[in-house]
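All remarks here apply to the structure that follows.
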Amino acid sequence: MLKHALALTLFCAAAVPVHSQTRSGGDIPMTVAADKPGSKIDRNIFGQFAEHLGTGIYGGVWVGKDSSIPNVRGIRKDVVAALRAIRVPNVRWPGGCFADEYHWRHGIGPASARHNTINSNWGGSVEPNTFGTDEFFDFVDQIGSEAYVSVNVGSGTVEEAADWLAYMTADAKTTAGRERAANGHPAPYKVKFLGLGNEAWGCGGSMSPDHYVDLMKPFARFARNYNPTQTGAAAMQRIAVGPDSDKPEYTEAVMKAYKDRTWAWGIEGLSLHSYTTNGWPPSYASEGFDETAYATLVKATFQMDDLIAKHSAIMDKYDAEKKVPLVVDEWGVWLKPNAGSDPGFLQQQNSMRDAIIAAINLNIFARHADRVRGGNIAQMINVLQAMILTDKDKMVLTPTYHVFKMYLPFQDATFVPVKLDGGTYSHGAVTLPRVDAIAARDTSGKLWLAVTNLDPNRPARIVASFAGLKARSARGEVLTAPNVNSVNTFASPNTVSPKPYDATATQNGVPLDLPAKSIVVVQIAE
């Protein structure tokens with residue numbers, strides 16, 4: 001991979017803030033309409049996904065109360081601390097394909113009495129069910145997050161789902177509540193989101209859209225939340241199964257049913273699943289790849305924008321007021337499994353390329369903030385595009401984790417329009433925008449910019465001007481690396497990690513020098 005010497009110099013200067021001093025080609029003007037606020041960027045687009053898959057739960061979250069790895073009630077401390085630092089808004093659990101074969105009673109009560117089952121979806125491994133409902137809510141509480149629980153629509157029953165909701169949310173005076181209290185938690189749990197099945201068009205039952213709609217309605221009706229504190233804005237939101245990538249049939253069927261619904265049922269969200277793979281089965285490597293693989297996968301990522309626009313247009317036909325959000329509750333880079341790993345465990349490394357892809361997706365969600373109000377990257381730990389990798393007592397933060405931390409100011413921020421023509425980056429048959437950017441005002445009113453230089457070879461200079469304010473300077477962080485295929489390992493955990501960044505305004509605006517293959521997030525001082 002080609003490396004620009006000056007960009008690499010900036011990257012290596014870990015102790016010194018990056019200042020505006022590099023450029024390649026002419027300045028790129030960017031206009032930020034700071035006086036024209038848009039939709040709120042819902043913090044829930046930064047949600048996470050933790051499925052019983054490979055070492056995502058066992059080894060990643062759960063090590064057991066008797067483990068030598070530091071833990072609180074079996075949940076590893078280092079992972080909790082790392083996740084608290086990125087203010088995870090919600091965690092989707094227990095799946096995924098696993099959810100539609102999950103029977104919640106197998107995972108409550110004394111560990112010695114729990115069922116050992118086979119995880120038929122992911123590697124055929126034994127599922128001990130030692131991490132169940134009560135452990136999940138303990139984990140969510142420890143990281144300061146909220147629960148997104150997916151009920152079993154594929155192989156379960158309405159009664160089973162209703163009983164599970166009662167166990168989680170009913171008063172301790174009820175039979176279900178007494179059982180929960182006997183297992184250590186007298187107070188009702190809060191279930192913020194309820195997934196009404198998972199991928200019913202595929203691993204969730206291969207159902208036709210109409211069959212799913214007919215089956216889903218009783219679940220939406222009878223899987224009630226009894227927690228008295230969850231009313232009004234805090235009420236549980238039911239998320240129906242939506243489309244498989246660009247296929248419109250589920251979107252049409254579910255939204256038409258929503259428009260024609262009676263008082264007896266409802267939904268508060270429609271899911272969308274779409275991964276960056278550039279073809280199935282996933283064949284792109286997560287390490288040691290070349291620039292062609294980089295450019296091809298980044299191009300595939302931009303399809304998310306067209307995908308959201310397509311399904312949003314269908315939703316608009318039935319829900320012009322945009323009451324039902326689109327929840328992209330599975331997204332990310334799905335790559336070839338690591339060599340020597342169990343292919344059913346979906347283990348892959350996480351590179352600078354993946355960080356750029358994460359930033360692009362988050363930018364796309366922000367630009368569609370009027371409809372996209374939830375998202376869950378797949379997955380949280382040790383699986384697919386993970387935040388964190390663990391191996392026994394070792395832990396490393398991935399480049400994607402750093403993107404989520406850098407984007408913290410955008411949680412619940414107000415979108416601000418940006419006008420930018422950054423030119424193009426081309427490699428072989430692939431042509432992409434050279435620069436991608438968003439802006440927003442955070443909850444305290446401060447203005448933030450997130451700017452990504454997709455070009456792996458050339459730095460770029462952005463000169464940002466602002467309507468409605470006089471900017472003095474910019475300060476934040478930059479994420480870059482020696483190569484787009486650079487990764488963090490247990491031996492070298494900081495190869496890809498943020499560095500301080502600042503810039504001072506000139507009479508023409510705020511110049512932002514972007515190293516090749518970089519993400520810059522800055523606050524604009526007024």
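Letters for chains follow the order of the structure tokens (A, B, ...), residue numbers begin at 1 for each chain, and ligand numbers begin at 1 in the order shown.
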
- request: Identify, with DSSP run on backbone atoms, the residues in range 133-189 of chain A assigned to alpha helix (DSSP H), and express the list as an NGL selection string.
  value: :A and (133-143 or 158-169 or 175-182)

- prompt: Quick one: residues within 12 Å of Gly59 in chain A, only C-alpha atoms counted, chain neighbours fewer than 5 positions away excluded, as a list of chain:residue names?
  reply: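 Counting only the stated atoms, we get A:His52, A:Leu53, A:Gly54, A:Gly64, A:Ser67, A:Ile69, A:Asn71, A:Gly74, A:Ile75, A:Arg76, A:Asp78, A:Val79, A:Phe131, A:Ile381, A:Asn382, A:Val383, A:Ile388, A:Leu389, A:Thr390, A:Asp391, A:Lys392, A:Asp393, A:Lys394, A:Met395.
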
query: Looking at A:Gly184, A:Gly154, A:Pro94, A:Pro282, which one is nearest to Arg73 in chain A, with distances taken over only C-alpha atoms?
result: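 Smallest distance to Arg73 in chain A is found for A:Gly184.
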
- prompt: If we count only C-alpha atoms, what is near range 326-335 of chain A at a cut-off of 6 Å, once residues fewer than 2 positions away on the same chain are taken out, given as a list in words?
  reply: Gly269, Leu270, Ser271, Leu272, His273, Ser274, Tyr275, Thr276, Thr277, Pro282, Tyr284, Ala285, Arg371, Val372, Gly374, Gly375, Asn376, Ile377, Ala378, Leu384 and Gln385 of chain A

Can I get the residues of range 211-242 of chain A within 12 Å of range 256-262 of chain A, each with the closest pair of atoms and their distance in Å to one decimal, using only C-alpha atoms, sorted chain first then ascending number, as a Markdown table?
| residue | atom | partner | partner_atom | distance |
| --- | --- | --- | --- | --- |
| A:His211 | CA | A:Ala257 | CA | 11.8 |
| A:Tyr212 | CA | A:Ala257 | CA | 10.9 |
| A:Val213 | CA | A:Ala257 | CA | 7.3 |
| A:Asp214 | CA | A:Ala257 | CA | 9.2 |
| A:Met216 | CA | A:Ala257 | CA | 10.6 |
| A:Lys217 | CA | A:Ala257 | CA | 9.4 |
| A:Ala220 | CA | A:Tyr258 | CA | 11.4 |
| A:Arg221 | CA | A:Thr262 | CA | 10.9 |
| A:Ile239 | CA | A:Tyr258 | CA | 11.9 |
| A:Ala240 | CA | A:Tyr258 | CA | 10.2 |

Now that the selection is made, can you save its residues with N, CA and C atoms as a PDB file, in the first residue's frame?
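again-v8.pdb, written as the output of this step:
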ATOM      1  N   HIS A 211     -47.493 -13.607   5.660  1.00  0.00           N
ATOM      2  CA  HIS A 211     -47.537 -14.560   6.774  1.00  0.00           C
ATOM      3  C   HIS A 211     -46.896 -13.957   8.013  1.00  0.00           C
ATOM      4  N   TYR A 212     -45.763 -13.268   7.822  1.00  0.00           N
ATOM      5  CA  TYR A 212     -45.120 -12.638   8.971  1.00  0.00           C
ATOM      6  C   TYR A 212     -46.038 -11.599   9.606  1.00  0.00           C
ATOM      7  N   VAL A 213     -46.676 -10.774   8.798  1.00  0.00           N
ATOM      8  CA  VAL A 213     -47.554  -9.733   9.347  1.00  0.00           C
ATOM      9  C   VAL A 213     -48.658 -10.357  10.183  1.00  0.00           C
ATOM     10  N   ASP A 214     -49.301 -11.424   9.660  1.00  0.00           N
ATOM     11  CA  ASP A 214     -50.373 -12.080  10.416  1.00  0.00           C
ATOM     12  C   ASP A 214     -49.865 -12.679  11.719  1.00  0.00           C
ATOM     13  N   MET A 216     -47.089 -11.658  13.349  1.00  0.00           N
ATOM     14  CA  MET A 216     -46.523 -10.618  14.195  1.00  0.00           C
ATOM     15  C   MET A 216     -47.573  -9.886  15.028  1.00  0.00           C
ATOM     16  N   LYS A 217     -48.756  -9.702  14.485  1.00  0.00           N
ATOM     17  CA  LYS A 217     -49.776  -8.907  15.178  1.00  0.00           C
ATOM     18  C   LYS A 217     -50.089  -9.406  16.589  1.00  0.00           C
ATOM     19  N   ALA A 220     -47.303  -8.386  18.871  1.00  0.00           N
ATOM     20  CA  ALA A 220     -47.367  -6.954  19.157  1.00  0.00           C
ATOM     21  C   ALA A 220     -48.475  -6.641  20.154  1.00  0.00           C
ATOM     22  N   ARG A 221     -49.523  -7.437  20.137  1.00  0.00           N
ATOM     23  CA  ARG A 221     -50.658  -7.215  21.031  1.00  0.00           C
ATOM     24  C   ARG A 221     -50.401  -7.737  22.445  1.00  0.00           C
ATOM     25  N   ILE A 239     -40.341  -3.221  17.521  1.00  0.00           N
ATOM     26  CA  ILE A 239     -39.667  -3.137  16.224  1.00  0.00           C
ATOM     27  C   ILE A 239     -40.031  -4.354  15.391  1.00  0.00           C
ATOM     28  N   ALA A 240     -40.730  -4.131  14.298  1.00  0.00           N
ATOM     29  CA  ALA A 240     -41.129  -5.224  13.408  1.00  0.00           C
ATOM     30  C   ALA A 240     -39.982  -5.587  12.472  1.00  0.00           C
TER      31      ALA A 240
END
